[in-house]
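Following: one structure in structure tokens, then a few remarks.
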Amino acid sequence: MRVAVLGTGIVGRTLAGGLVAHGHEATIGTRDVAETLARTGSDAMGNPAYPQWAADHPDVRLATYADAAAGAELVVNATSGEGSIAALSAAGAENLAGKVLVDVANPLDFSAGMPPSLFVKDTDSLAEQIQRQFPDARVVKAFNIVNATIMVDPSGLPSDHTMFVSGNDADAKAAVVRLLEEFGHTDVIDLGDLTTARGPEMLLPLWLELWAALGTPAIAFKIVR
Ligand SMILES: NC(=O)c1ccc[n+]([C@@H]2O[C@H](COP(=O)([O-])OP(=O)(O)OC[C@H]3O[C@@H](n4cnc5c(N)ncnc54)[C@H](OP(=O)(O)O)[C@@H]3O)[C@@H](O)[C@H]2O)c1
């Protein structure tokens, strides 16, 4: 499958690398290709600048959001929550129409420092905001409740775990469940329509507290039933 992964951060890179490892084609989308390729140093989390990562991943192309989305069969939103609508607008509604749009982003608001709060919750979600803005895209919320490494390789977890999908389009959700299963997520719960994305997005404050309490981001949720 030809996948556009919008986002040059650790999530976009890891998902793109994981997709290629599983036989898909991945193009990463960014605002300004030349600016992204001129970056040096590391980010606040110690991740190397994009060109360093790209040198080790010559099979992943970098393109503008619009170029990446135009050539894709499936699009992943792995941009910052606050930048997601702008990023998807730059990708172009016409390049998202009819396509599965996997929303991995979390609506984190860092404006008051750490820990972040949520800029939308309870009565709405980032996924629903995206769906309203791009009504012809088939938005599926998924992957947002684990860190990037676990998204593509949960084998490092000491026991099994649960992942969720939310979306209004059954076929789009089925495609995302297949992707989750390819990456090794064997317990996937379909929560229902896109309003159910509020729950997984609201898990983020708890996830951040667990990371601090346990001292590792290699954590996941398990629904026992
Ligand atoms: N870190 C994790 O393990 C993890 C786990 C689950 C979910 N998430 C979620 O996944 C998403 C990506 O996280 P991340 O840590 O990889 O990267 P990030 O730093 O949250 O986002 C980086 C990406 O957002 C784009 N961006 C930021 N502001 C923008 C704007 N105003 N307009 C257009 N694009 C904009 C950047 O564009 P440029 O390429 O042009 O710089 C870049 O591609 C986030 O929503 C995060 O909450 C993260």
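In the structure tokens, each chain is lettered A, B, ... as it comes, each chain's residues begin at 1, and ligands are numbered from 1 in order of appearance.
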Please build the interface table for chain A against ligand 1 with a cut-off of 9 Å, listing for each qualifying residue the nearest atom pair and the distance in Å to one decimal; count only C-alpha atoms and all ligand atoms, order rows by chain and increasing number, and write it as JSON lines.
```
{"residue": "A:Leu6", "atom": "CA", "partner": "ligand 1", "partner_atom_place_in_ligand_line": "43 (O)", "distance": 6.2}
{"residue": "A:Gly7", "atom": "CA", "partner": "ligand 1", "partner_atom_place_in_ligand_line": "43 (O)", "distance": 3.2}
{"residue": "A:Thr8", "atom": "CA", "partner": "ligand 1", "partner_atom_place_in_ligand_line": "43 (O)", "distance": 3.9}
{"residue": "A:Gly9", "atom": "CA", "partner": "ligand 1", "partner_atom_place_in_ligand_line": "16 (O)", "distance": 3.4}
{"residue": "A:Ile10", "atom": "CA", "partner": "ligand 1", "partner_atom_place_in_ligand_line": "16 (O)", "distance": 3.9}
{"residue": "A:Val11", "atom": "CA", "partner": "ligand 1", "partner_atom_place_in_ligand_line": "16 (O)", "distance": 3.7}
{"residue": "A:Gly12", "atom": "CA", "partner": "ligand 1", "partner_atom_place_in_ligand_line": "16 (O)", "distance": 5.5}
{"residue": "A:Arg13", "atom": "CA", "partner": "ligand 1", "partner_atom_place_in_ligand_line": "16 (O)", "distance": 7.4}
{"residue": "A:Thr14", "atom": "CA", "partner": "ligand 1", "partner_atom_place_in_ligand_line": "16 (O)", "distance": 8.3}
{"residue": "A:Ile28", "atom": "CA", "partner": "ligand 1", "partner_atom_place_in_ligand_line": "43 (O)", "distance": 8.4}
{"residue": "A:Gly29", "atom": "CA", "partner": "ligand 1", "partner_atom_place_in_ligand_line": "39 (O)", "distance": 6.8}
{"residue": "A:Thr30", "atom": "CA", "partner": "ligand 1", "partner_atom_place_in_ligand_line": "39 (O)", "distance": 3.8}
{"residue": "A:Arg31", "atom": "CA", "partner": "ligand 1", "partner_atom_place_in_ligand_line": "40 (O)", "distance": 3.7}
{"residue": "A:Asp32", "atom": "CA", "partner": "ligand 1", "partner_atom_place_in_ligand_line": "40 (O)", "distance": 5.8}
{"residue": "A:Val33", "atom": "CA", "partner": "ligand 1", "partner_atom_place_in_ligand_line": "40 (O)", "distance": 7.7}
{"residue": "A:Glu35", "atom": "CA", "partner": "ligand 1", "partner_atom_place_in_ligand_line": "40 (O)", "distance": 8.0}
{"residue": "A:Thr36", "atom": "CA", "partner": "ligand 1", "partner_atom_place_in_ligand_line": "39 (O)", "distance": 6.4}
{"residue": "A:Asp43", "atom": "CA", "partner": "ligand 1", "partner_atom_place_in_ligand_line": "19 (O)", "distance": 8.8}
{"residue": "A:Met45", "atom": "CA", "partner": "ligand 1", "partner_atom_place_in_ligand_line": "15 (O)", "distance": 8.8}
{"residue": "A:Tyr50", "atom": "CA", "partner": "ligand 1", "partner_atom_place_in_ligand_line": "39 (O)", "distance": 8.7}
{"residue": "A:Thr64", "atom": "CA", "partner": "ligand 1", "partner_atom_place_in_ligand_line": "40 (O)", "distance": 8.5}
{"residue": "A:Tyr65", "atom": "CA", "partner": "ligand 1", "partner_atom_place_in_ligand_line": "34 (N)", "distance": 8.6}
{"residue": "A:Asn77", "atom": "CA", "partner": "ligand 1", "partner_atom_place_in_ligand_line": "11 (C)", "distance": 7.4}
{"residue": "A:Ala78", "atom": "CA", "partner": "ligand 1", "partner_atom_place_in_ligand_line": "11 (C)", "distance": 4.4}
{"residue": "A:Thr79", "atom": "CA", "partner": "ligand 1", "partner_atom_place_in_ligand_line": "24 (O)", "distance": 3.5}
{"residue": "A:Ser80", "atom": "CA", "partner": "ligand 1", "partner_atom_place_in_ligand_line": "20 (O)", "distance": 3.5}
{"residue": "A:Gly81", "atom": "CA", "partner": "ligand 1", "partner_atom_place_in_ligand_line": "45 (O)", "distance": 4.2}
{"residue": "A:Glu82", "atom": "CA", "partner": "ligand 1", "partner_atom_place_in_ligand_line": "28 (N)", "distance": 6.5}
{"residue": "A:Gly83", "atom": "CA", "partner": "ligand 1", "partner_atom_place_in_ligand_line": "30 (C)", "distance": 3.7}
{"residue": "A:Ser84", "atom": "CA", "partner": "ligand 1", "partner_atom_place_in_ligand_line": "33 (C)", "distance": 6.2}
{"residue": "A:Ile85", "atom": "CA", "partner": "ligand 1", "partner_atom_place_in_ligand_line": "32 (N)", "distance": 7.5}
{"residue": "A:Ala86", "atom": "CA", "partner": "ligand 1", "partner_atom_place_in_ligand_line": "32 (N)", "distance": 4.7}
{"residue": "A:Ala87", "atom": "CA", "partner": "ligand 1", "partner_atom_place_in_ligand_line": "33 (C)", "distance": 3.8}
{"residue": "A:Leu88", "atom": "CA", "partner": "ligand 1", "partner_atom_place_in_ligand_line": "33 (C)", "distance": 7.6}
{"residue": "A:Ser89", "atom": "CA", "partner": "ligand 1", "partner_atom_place_in_ligand_line": "33 (C)", "distance": 8.6}
{"residue": "A:Ala90", "atom": "CA", "partner": "ligand 1", "partner_atom_place_in_ligand_line": "33 (C)", "distance": 7.5}
{"residue": "A:Asp103", "atom": "CA", "partner": "ligand 1", "partner_atom_place_in_ligand_line": "10 (O)", "distance": 8.5}
{"residue": "A:Val104", "atom": "CA", "partner": "ligand 1", "partner_atom_place_in_ligand_line": "10 (O)", "distance": 5.3}
{"residue": "A:Ala105", "atom": "CA", "partner": "ligand 1", "partner_atom_place_in_ligand_line": "45 (O)", "distance": 3.2}
{"residue": "A:Asn106", "atom": "CA", "partner": "ligand 1", "partner_atom_place_in_ligand_line": "47 (O)", "distance": 3.9}
{"residue": "A:Pro107", "atom": "CA", "partner": "ligand 1", "partner_atom_place_in_ligand_line": "47 (O)", "distance": 6.5}
{"residue": "A:Leu108", "atom": "CA", "partner": "ligand 1", "partner_atom_place_in_ligand_line": "47 (O)", "distance": 6.1}
{"residue": "A:Phe143", "atom": "CA", "partner": "ligand 1", "partner_atom_place_in_ligand_line": "6 (C)", "distance": 6.5}
{"residue": "A:Asn144", "atom": "CA", "partner": "ligand 1", "partner_atom_place_in_ligand_line": "6 (C)", "distance": 4.1}
{"residue": "A:Ile145", "atom": "CA", "partner": "ligand 1", "partner_atom_place_in_ligand_line": "6 (C)", "distance": 5.6}
{"residue": "A:Val146", "atom": "CA", "partner": "ligand 1", "partner_atom_place_in_ligand_line": "6 (C)", "distance": 5.3}
{"residue": "A:Asn147", "atom": "CA", "partner": "ligand 1", "partner_atom_place_in_ligand_line": "3 (O)", "distance": 3.4}
{"residue": "A:Ala148", "atom": "CA", "partner": "ligand 1", "partner_atom_place_in_ligand_line": "3 (O)", "distance": 4.1}
{"residue": "A:Thr149", "atom": "CA", "partner": "ligand 1", "partner_atom_place_in_ligand_line": "3 (O)", "distance": 7.1}
{"residue": "A:Ile150", "atom": "CA", "partner": "ligand 1", "partner_atom_place_in_ligand_line": "3 (O)", "distance": 8.4}
{"residue": "A:Met151", "atom": "CA", "partner": "ligand 1", "partner_atom_place_in_ligand_line": "5 (C)", "distance": 8.0}
{"residue": "A:Leu204", "atom": "CA", "partner": "ligand 1", "partner_atom_place_in_ligand_line": "6 (C)", "distance": 8.6}
{"residue": "A:Pro217", "atom": "CA", "partner": "ligand 1", "partner_atom_place_in_ligand_line": "3 (O)", "distance": 8.1}
```
Find the residues around Ala68 in chain A up to 10 Å (only C-alpha atoms counted), leave out those fewer than 4 positions away in its own chain, and share them as number ranges by chain. A: 2-6, 26-30, 61-64, 72, 75, 91, 95
Convert the current residue selection to file output with all heavy atoms, as a compact mmCIF listing (two decimals), in the first residue's frame.
```
# COMPACT_ATOMS: atom_id res chain seq x y z
N ARG A 2 0.47 2.29 -0.74
CA ARG A 2 1.22 3.56 -0.72
C ARG A 2 0.64 4.44 0.39
O ARG A 2 -0.52 4.82 0.35
CB ARG A 2 1.06 4.29 -2.07
CG ARG A 2 1.90 3.73 -3.19
CD ARG A 2 1.91 4.69 -4.39
NE ARG A 2 0.59 5.21 -4.71
CZ ARG A 2 -0.35 4.55 -5.38
NH1 ARG A 2 -0.12 3.34 -5.81
NH2 ARG A 2 -1.53 5.11 -5.65
N VAL A 3 1.48 4.75 1.37
CA VAL A 3 1.01 5.47 2.54
C VAL A 3 1.73 6.82 2.65
O VAL A 3 2.95 6.89 2.50
CB VAL A 3 1.27 4.65 3.83
CG1 VAL A 3 0.72 5.39 5.05
CG2 VAL A 3 0.64 3.26 3.72
N ALA A 4 0.96 7.86 2.91
CA ALA A 4 1.54 9.17 3.24
C ALA A 4 1.50 9.31 4.75
O ALA A 4 0.43 9.21 5.35
CB ALA A 4 0.74 10.29 2.60
N VAL A 5 2.65 9.49 5.35
CA VAL A 5 2.71 9.71 6.79
C VAL A 5 3.03 11.19 6.98
O VAL A 5 4.16 11.63 6.72
CB VAL A 5 3.80 8.83 7.46
CG1 VAL A 5 3.80 9.06 8.96
CG2 VAL A 5 3.57 7.35 7.14
N LEU A 6 2.03 11.95 7.39
CA LEU A 6 2.23 13.39 7.57
C LEU A 6 2.83 13.61 8.94
O LEU A 6 2.19 13.33 9.96
CB LEU A 6 0.89 14.13 7.41
CG LEU A 6 0.10 13.80 6.13
CD1 LEU A 6 -1.16 14.66 6.06
CD2 LEU A 6 0.95 13.97 4.88
N ALA A 26 6.21 4.21 1.88
CA ALA A 26 5.87 5.32 2.77
C ALA A 26 6.55 6.60 2.30
O ALA A 26 7.75 6.61 2.00
CB ALA A 26 6.30 5.00 4.19
N THR A 27 5.78 7.66 2.24
CA THR A 27 6.31 9.00 1.98
C THR A 27 5.96 9.86 3.17
O THR A 27 4.81 9.87 3.61
CB THR A 27 5.68 9.61 0.71
OG1 THR A 27 5.98 8.77 -0.40
CG2 THR A 27 6.23 11.01 0.45
N ILE A 28 6.95 10.53 3.72
CA ILE A 28 6.70 11.42 4.86
C ILE A 28 6.39 12.82 4.34
O ILE A 28 7.05 13.32 3.43
CB ILE A 28 7.92 11.44 5.82
CG1 ILE A 28 8.00 10.09 6.56
CG2 ILE A 28 7.83 12.60 6.80
CD1 ILE A 28 9.09 10.01 7.61
N GLY A 29 5.39 13.45 4.95
CA GLY A 29 5.00 14.80 4.57
C GLY A 29 5.46 15.82 5.59
O GLY A 29 5.46 15.55 6.80
N THR A 30 5.85 16.99 5.09
CA THR A 30 6.34 18.07 5.94
C THR A 30 5.90 19.40 5.34
O THR A 30 5.44 19.46 4.20
CB THR A 30 7.88 17.99 6.05
OG1 THR A 30 8.35 18.94 7.01
CG2 THR A 30 8.57 18.29 4.72
N ARG A 61 10.64 8.49 1.22
CA ARG A 61 10.76 9.77 0.53
C ARG A 61 10.22 10.88 1.42
O ARG A 61 9.32 10.63 2.24
CB ARG A 61 9.93 9.69 -0.76
CG ARG A 61 10.26 10.71 -1.82
CD ARG A 61 9.58 10.31 -3.14
NE ARG A 61 8.12 10.43 -3.09
CZ ARG A 61 7.44 11.53 -3.40
NH1 ARG A 61 8.07 12.64 -3.77
NH2 ARG A 61 6.11 11.53 -3.35
N LEU A 62 10.74 12.08 1.28
CA LEU A 62 10.20 13.25 1.97
C LEU A 62 9.55 14.15 0.93
O LEU A 62 10.14 14.39 -0.13
CB LEU A 62 11.32 14.02 2.70
CG LEU A 62 10.85 15.22 3.52
CD1 LEU A 62 10.04 14.78 4.74
CD2 LEU A 62 12.05 16.07 3.99
N ALA A 63 8.36 14.65 1.21
CA ALA A 63 7.63 15.48 0.25
C ALA A 63 6.82 16.52 1.03
O ALA A 63 6.71 16.44 2.26
CB ALA A 63 6.70 14.59 -0.58
N THR A 64 6.25 17.46 0.32
CA THR A 64 5.33 18.38 0.98
C THR A 64 4.10 17.58 1.41
O THR A 64 3.83 16.50 0.88
CB THR A 64 4.87 19.50 0.04
OG1 THR A 64 4.18 18.90 -1.06
CG2 THR A 64 6.05 20.32 -0.45
N ALA A 72 -0.98 9.02 -2.27
CA ALA A 72 -1.20 7.95 -1.29
C ALA A 72 -2.56 7.28 -1.43
O ALA A 72 -3.53 7.90 -1.86
CB ALA A 72 -1.07 8.51 0.12
N VAL A 75 -3.64 7.75 4.31
CA VAL A 75 -2.90 8.88 4.89
C VAL A 75 -2.90 8.76 6.41
O VAL A 75 -3.93 8.41 7.01
CB VAL A 75 -3.55 10.22 4.47
CG1 VAL A 75 -2.80 11.40 5.09
CG2 VAL A 75 -3.59 10.35 2.95
N ALA A 91 -2.22 19.60 3.15
CA ALA A 91 -2.27 18.37 2.35
C ALA A 91 -3.33 18.49 1.27
O ALA A 91 -3.18 17.96 0.17
CB ALA A 91 -2.54 17.16 3.24
N ASN A 95 -6.93 15.83 -1.76
CA ASN A 95 -5.98 14.70 -1.66
C ASN A 95 -6.33 13.74 -0.52
O ASN A 95 -5.69 12.70 -0.38
CB ASN A 95 -4.56 15.22 -1.48
CG ASN A 95 -4.07 15.97 -2.71
OD1 ASN A 95 -4.40 15.58 -3.83
ND2 ASN A 95 -3.32 17.04 -2.51
```
Any chance you could tabulate, as JSON lines, the residues of range 187-208 of chain A at most 7 Å from range 157-177 of chain A with each one's nearest atom pair and distance in Å to one decimal, using only C-alpha atoms, in chain and rising number order?
```
{"residue": "A:Asp187", "atom": "CA", "partner": "A:Thr162", "partner_atom": "CA", "distance": 5.0}
{"residue": "A:Val188", "atom": "CA", "partner": "A:Met163", "partner_atom": "CA", "distance": 4.8}
{"residue": "A:Ile189", "atom": "CA", "partner": "A:Phe164", "partner_atom": "CA", "distance": 4.9}
{"residue": "A:Asp190", "atom": "CA", "partner": "A:Val165", "partner_atom": "CA", "distance": 5.0}
{"residue": "A:Leu191", "atom": "CA", "partner": "A:Ser166", "partner_atom": "CA", "distance": 5.5}
{"residue": "A:Gly192", "atom": "CA", "partner": "A:Ser166", "partner_atom": "CA", "distance": 5.4}
{"residue": "A:Asp193", "atom": "CA", "partner": "A:Gly167", "partner_atom": "CA", "distance": 4.5}
{"residue": "A:Leu194", "atom": "CA", "partner": "A:Gly167", "partner_atom": "CA", "distance": 4.2}
{"residue": "A:Thr196", "atom": "CA", "partner": "A:Ser166", "partner_atom": "CA", "distance": 5.9}
{"residue": "A:Ala197", "atom": "CA", "partner": "A:Ser166", "partner_atom": "CA", "distance": 5.5}
```
Enter the distance from CA of Lys222 in chain A to CA of Ala21 in chain A, in Å, rounded to one decimal. 26.1 Å
Let's see if you can do this: from backbone DSSP, list all helix (DSSP H, G or I) residues in range 136-181 of chain A, as a compact mmCIF listing (two decimals) with N, CA and C atoms, in the first residue's frame.
```
# COMPACT_ATOMS: atom_id res chain seq x y z
N ALA A 148 5.71 5.68 20.09
CA ALA A 148 5.98 5.39 18.69
C ALA A 148 6.56 4.00 18.49
N THR A 149 7.50 3.61 19.33
CA THR A 149 8.15 2.30 19.16
C THR A 149 7.12 1.18 19.24
N ILE A 150 6.24 1.28 20.23
CA ILE A 150 5.24 0.22 20.43
C ILE A 150 4.21 0.22 19.30
N MET A 151 3.96 1.39 18.71
CA MET A 151 3.00 1.42 17.58
C MET A 151 3.36 0.39 16.52
N VAL A 152 4.65 0.30 16.18
CA VAL A 152 5.06 -0.59 15.08
C VAL A 152 5.66 -1.90 15.56
N PRO A 154 5.10 -4.02 19.17
CA PRO A 154 4.75 -4.19 20.57
C PRO A 154 5.45 -5.37 21.23
N SER A 155 6.39 -6.01 20.53
CA SER A 155 7.00 -7.22 21.08
C SER A 155 7.82 -6.92 22.34
N GLY A 156 8.17 -5.65 22.54
CA GLY A 156 8.94 -5.29 23.73
C GLY A 156 8.11 -5.23 25.01
N ALA A 170 -16.99 1.65 8.41
CA ALA A 170 -16.60 0.29 8.81
C ALA A 170 -15.43 -0.24 7.99
N ASP A 171 -15.44 0.02 6.68
CA ASP A 171 -14.35 -0.50 5.83
C ASP A 171 -13.02 0.19 6.19
N ALA A 172 -13.09 1.47 6.48
CA ALA A 172 -11.86 2.20 6.86
C ALA A 172 -11.31 1.64 8.17
N LYS A 173 -12.21 1.37 9.13
CA LYS A 173 -11.75 0.79 10.40
C LYS A 173 -11.14 -0.59 10.17
N ALA A 174 -11.76 -1.38 9.29
CA ALA A 174 -11.23 -2.72 9.02
C ALA A 174 -9.82 -2.63 8.43
N ALA A 175 -9.59 -1.64 7.56
CA ALA A 175 -8.25 -1.47 6.97
C ALA A 175 -7.23 -1.12 8.05
N VAL A 176 -7.65 -0.31 9.01
CA VAL A 176 -6.72 0.09 10.08
C VAL A 176 -6.48 -1.06 11.05
N VAL A 177 -7.53 -1.86 11.29
CA VAL A 177 -7.33 -3.05 12.14
C VAL A 177 -6.32 -3.99 11.47
N ARG A 178 -6.39 -4.14 10.15
CA ARG A 178 -5.42 -5.01 9.45
C ARG A 178 -4.01 -4.47 9.65
N LEU A 179 -3.86 -3.16 9.59
CA LEU A 179 -2.54 -2.54 9.78
C LEU A 179 -2.05 -2.79 11.21
N LEU A 180 -2.94 -2.60 12.18
CA LEU A 180 -2.58 -2.86 13.58
C LEU A 180 -2.12 -4.31 13.74
N GLU A 181 -2.85 -5.22 13.12
CA GLU A 181 -2.50 -6.64 13.24
C GLU A 181 -1.17 -6.94 12.57
```
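Reported to one decimal place, the separation of CA of Arg198 in chain A from CA of Ser125 in chain A is 5.1 Å.
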Å distance separating CA of Gly92 in chain A from CA of Pro135 in chain A, one decimal place: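 The value is 12.3 Å.
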